[in-house]
>>> print(open('upload-v7.cif').read())   # mmCIF, C-alpha atoms
data_my_file
loop_
_atom_site.label_atom_id
_atom_site.label_comp_id
_atom_site.auth_asym_id
_atom_site.auth_seq_id
_atom_site.Cartn_x
_atom_site.Cartn_y
_atom_site.Cartn_z
CA MET A 1 -62.36 -142.87 -38.80
CA GLY A 2 -66.01 -142.48 -39.81
CA VAL A 3 -65.42 -138.93 -41.03
CA ILE A 4 -62.48 -140.01 -43.20
CA MET A 5 -64.53 -142.84 -44.69
CA SER A 6 -67.44 -140.45 -45.17
CA ASN A 7 -65.25 -137.91 -46.99
CA ASP A 8 -63.81 -140.66 -49.18
CA LEU A 9 -67.27 -142.01 -49.98
CA LYS A 10 -68.54 -138.47 -50.58
CA ALA A 11 -65.74 -137.84 -53.08
CA ARG A 12 -66.46 -141.13 -54.87
CA VAL A 13 -70.22 -140.46 -55.02
CA LEU A 14 -69.62 -136.96 -56.40
CA GLU A 15 -67.15 -138.32 -58.95
CA MET A 16 -69.71 -140.88 -60.14
CA PHE A 17 -72.40 -138.20 -60.45
CA GLN A 18 -70.06 -136.01 -62.49
CA GLY A 19 -69.02 -138.88 -64.75
CA LYS A 20 -72.51 -140.19 -65.36
CA SER A 21 -74.09 -136.73 -65.73
CA CYS A 22 -71.92 -135.91 -68.74
CA ARG A 23 -73.97 -138.42 -70.67
CA ASP A 24 -77.64 -138.08 -71.59
CA LYS A 25 -78.99 -139.04 -68.17
CA LYS A 26 -78.72 -136.31 -65.53
CA MET A 27 -81.23 -137.49 -62.89
CA PHE A 28 -80.86 -140.63 -60.81
CA TYR A 29 -82.87 -142.48 -58.21
CA VAL A 30 -81.18 -142.84 -54.82
CA ARG A 31 -81.50 -146.57 -55.51
CA ASP A 32 -79.34 -146.10 -58.64
CA VAL A 33 -76.61 -144.43 -56.61
CA THR A 34 -76.55 -147.21 -54.03
CA ARG A 35 -76.14 -149.73 -56.89
CA TRP A 36 -73.03 -147.89 -58.11
CA PHE A 37 -71.34 -148.97 -54.86
CA PRO A 38 -72.41 -152.56 -54.15
CA ASP A 39 -69.75 -153.02 -51.44
CA GLU A 40 -70.84 -149.94 -49.46
CA ASP A 41 -73.62 -149.73 -46.89
CA ARG A 42 -76.67 -148.17 -48.54
CA HIS A 43 -77.38 -146.11 -45.43
CA ALA A 44 -73.90 -144.58 -45.61
CA ILE A 45 -74.53 -143.69 -49.25
CA GLN A 46 -77.90 -142.17 -48.41
CA ASN A 47 -76.24 -140.10 -45.67
CA VAL A 48 -73.60 -138.90 -48.15
CA ILE A 49 -76.34 -137.90 -50.59
CA LYS A 50 -78.05 -135.92 -47.82
CA GLN A 51 -74.76 -134.19 -46.97
CA LEU A 52 -74.19 -133.27 -50.62
CA ILE A 53 -77.75 -131.92 -50.83
CA ASP A 54 -77.17 -129.87 -47.64
CA GLU A 55 -73.98 -128.51 -49.24
CA GLU A 56 -76.04 -127.68 -52.38
CA VAL A 57 -73.84 -129.87 -54.57
CA LEU A 58 -76.77 -132.17 -55.35
CA ARG A 59 -80.46 -131.33 -55.55
CA TYR A 60 -83.69 -133.25 -55.44
CA TRP A 61 -85.93 -132.99 -58.50
CA SER A 62 -89.48 -134.29 -58.49
CA SER A 63 -91.73 -135.08 -61.43
CA GLY A 64 -94.69 -135.12 -59.06
CA SER A 65 -94.74 -138.87 -58.70
CA THR A 66 -91.02 -139.69 -58.64
CA THR A 67 -88.08 -138.05 -56.88
CA TYR A 68 -84.63 -137.97 -58.42
CA VAL A 69 -81.23 -136.65 -57.35
CA MET A 70 -79.08 -134.61 -59.69
CA LEU A 71 -76.06 -132.32 -59.69
CA ALA A 72 -77.09 -128.79 -58.77
CA GLU A 73 -75.35 -127.43 -61.86
CA PHE A 74 -77.93 -129.23 -64.03
CA PHE A 75 -80.93 -127.88 -62.10
CA PRO A 76 -82.58 -126.56 -64.17
CA ARG A 77 -80.74 -128.30 -66.93
CA GLU A 78 -78.92 -125.97 -69.28
CA GLU A 79 -77.80 -127.11 -72.70
CA GLY A 80 -74.05 -127.38 -73.08
CA ALA A 81 -73.35 -127.36 -69.35
CA CYS A 82 -71.15 -130.44 -69.66
CA SER A 83 -67.78 -129.84 -71.26
CA GLN A 84 -65.70 -132.71 -72.56
#
>>> encode(input="upload-v7.cif", output="structure tokens")
Amino acid sequence: MGVIMSNDLKARVLEMFQGKSCRDKKMFYVRDVTRWFPDEDRHAIQNVIKQLIDEEVLRYWSSGSTTYVMLAEFFPREEGACSQ
């Protein structure tokens, strides 16, 4: 049952990233992602983020002092990559 829940949560996290990344903001703190799902365990969300990074769907981006997570398609960010 954990795998099914994980796949469901993974799909929801990816959907949120795609929806929110079509706006101006493309990079998010892990803390931001956990706040998108207040009813979910933050450790489960962190594990899903790690899985998506391992699958190269998401990527870490660091400014040197802060680490963000973003969709791999926006790394490096290309203008016009989001179609609406």
>>> residues_around(input="upload-v7.cif", residues="segment 47-57 of chain A", least_positions_apart="5", cutoff="9 Å", atoms="only C-alpha atoms", output="PyMOL selection string")
chain A and resi 6-7+9-10+13-14+30+33+42+69-73
>>> resolve_selection(input="upload-v7.cif", expression="the PyMOL selection byres ((chain A and resi 28) around 12)", output="JSON, numbers by chain")
{"A": [16, 17, 18, 20, 21, 24, 25, 26, 27, 29, 30, 31, 32, 33, 34, 35, 36, 49, 58, 59, 60, 61, 62, 66, 67, 68, 69, 70, 71]}
>>> atom_distance(input="upload-v7.cif", atom1="atom CA of Asp8 of chain A", atom2="atom CA of Phe37 of chain A")
12.6 Å
>>> build_atoms(input="upload-v7.cif", residues="segment 44-64 of chain A", atoms="N, CA and C atoms", output="PDB file, keeping the file's coordinate frame")
ATOM      1  N   ALA A  44     -75.029-145.511 -45.532  1.00  0.00           N
ATOM      2  CA  ALA A  44     -73.900-144.580 -45.610  1.00  0.00           C
ATOM      3  C   ALA A  44     -73.989-143.759 -46.892  1.00  0.00           C
ATOM      4  N   ILE A  45     -74.376-144.401 -47.985  1.00  0.00           N
ATOM      5  CA  ILE A  45     -74.530-143.690 -49.250  1.00  0.00           C
ATOM      6  C   ILE A  45     -75.673-142.689 -49.169  1.00  0.00           C
ATOM      7  N   GLN A  46     -76.777-143.093 -48.575  1.00  0.00           N
ATOM      8  CA  GLN A  46     -77.900-142.170 -48.410  1.00  0.00           C
ATOM      9  C   GLN A  46     -77.501-140.975 -47.551  1.00  0.00           C
ATOM     10  N   ASN A  47     -76.708-141.195 -46.514  1.00  0.00           N
ATOM     11  CA  ASN A  47     -76.240-140.100 -45.670  1.00  0.00           C
ATOM     12  C   ASN A  47     -75.322-139.153 -46.450  1.00  0.00           C
ATOM     13  N   VAL A  48     -74.474-139.718 -47.310  1.00  0.00           N
ATOM     14  CA  VAL A  48     -73.600-138.900 -48.150  1.00  0.00           C
ATOM     15  C   VAL A  48     -74.436-138.060 -49.112  1.00  0.00           C
ATOM     16  N   ILE A  49     -75.455-138.647 -49.694  1.00  0.00           N
ATOM     17  CA  ILE A  49     -76.340-137.900 -50.590  1.00  0.00           C
ATOM     18  C   ILE A  49     -76.990-136.739 -49.842  1.00  0.00           C
ATOM     19  N   LYS A  50     -77.456-136.992 -48.626  1.00  0.00           N
ATOM     20  CA  LYS A  50     -78.050-135.920 -47.820  1.00  0.00           C
ATOM     21  C   LYS A  50     -77.049-134.819 -47.527  1.00  0.00           C
ATOM     22  N   GLN A  51     -75.797-135.188 -47.221  1.00  0.00           N
ATOM     23  CA  GLN A  51     -74.760-134.190 -46.970  1.00  0.00           C
ATOM     24  C   GLN A  51     -74.507-133.344 -48.218  1.00  0.00           C
ATOM     25  N   LEU A  52     -74.432-133.995 -49.370  1.00  0.00           N
ATOM     26  CA  LEU A  52     -74.190-133.270 -50.620  1.00  0.00           C
ATOM     27  C   LEU A  52     -75.372-132.364 -50.972  1.00  0.00           C
ATOM     28  N   ILE A  53     -76.577-132.768 -50.619  1.00  0.00           N
ATOM     29  CA  ILE A  53     -77.750-131.920 -50.830  1.00  0.00           C
ATOM     30  C   ILE A  53     -77.681-130.724 -49.873  1.00  0.00           C
ATOM     31  N   ASP A  54     -77.317-130.955 -48.616  1.00  0.00           N
ATOM     32  CA  ASP A  54     -77.170-129.870 -47.640  1.00  0.00           C
ATOM     33  C   ASP A  54     -76.098-128.868 -48.085  1.00  0.00           C
ATOM     34  N   GLU A  55     -75.063-129.365 -48.742  1.00  0.00           N
ATOM     35  CA  GLU A  55     -73.980-128.510 -49.240  1.00  0.00           C
ATOM     36  C   GLU A  55     -74.334-127.885 -50.593  1.00  0.00           C
ATOM     37  N   GLU A  56     -75.513-128.190 -51.099  1.00  0.00           N
ATOM     38  CA  GLU A  56     -76.040-127.680 -52.380  1.00  0.00           C
ATOM     39  C   GLU A  56     -75.201-128.115 -53.579  1.00  0.00           C
ATOM     40  N   VAL A  57     -74.560-129.275 -53.451  1.00  0.00           N
ATOM     41  CA  VAL A  57     -73.840-129.870 -54.570  1.00  0.00           C
ATOM     42  C   VAL A  57     -74.816-130.700 -55.396  1.00  0.00           C
ATOM     43  N   LEU A  58     -75.701-131.406 -54.702  1.00  0.00           N
ATOM     44  CA  LEU A  58     -76.770-132.170 -55.350  1.00  0.00           C
ATOM     45  C   LEU A  58     -78.101-131.509 -55.009  1.00  0.00           C
ATOM     46  N   ARG A  59     -79.111-131.820 -55.821  1.00  0.00           N
ATOM     47  CA  ARG A  59     -80.460-131.330 -55.550  1.00  0.00           C
ATOM     48  C   ARG A  59     -81.459-132.429 -55.848  1.00  0.00           C
ATOM     49  N   TYR A  60     -82.564-132.383 -55.125  1.00  0.00           N
ATOM     50  CA  TYR A  60     -83.690-133.250 -55.440  1.00  0.00           C
ATOM     51  C   TYR A  60     -84.463-132.623 -56.580  1.00  0.00           C
ATOM     52  N   TRP A  61     -85.013-133.446 -57.456  1.00  0.00           N
ATOM     53  CA  TRP A  61     -85.930-132.990 -58.500  1.00  0.00           C
ATOM     54  C   TRP A  61     -87.091-133.968 -58.502  1.00  0.00           C
ATOM     55  N   SER A  62     -88.290-133.443 -58.533  1.00  0.00           N
ATOM     56  CA  SER A  62     -89.480-134.290 -58.490  1.00  0.00           C
ATOM     57  C   SER A  62     -90.330-134.064 -59.720  1.00  0.00           C
ATOM     58  N   SER A  63     -90.817-135.154 -60.291  1.00  0.00           N
ATOM     59  CA  SER A  63     -91.730-135.080 -61.430  1.00  0.00           C
ATOM     60  C   SER A  63     -93.176-135.007 -60.939  1.00  0.00           C
ATOM     61  N   GLY A  64     -93.363-135.088 -59.639  1.00  0.00           N
ATOM     62  CA  GLY A  64     -94.690-135.120 -59.060  1.00  0.00           C
ATOM     63  C   GLY A  64     -95.007-136.493 -58.512  1.00  0.00           C
TER      64      GLY A  64
END
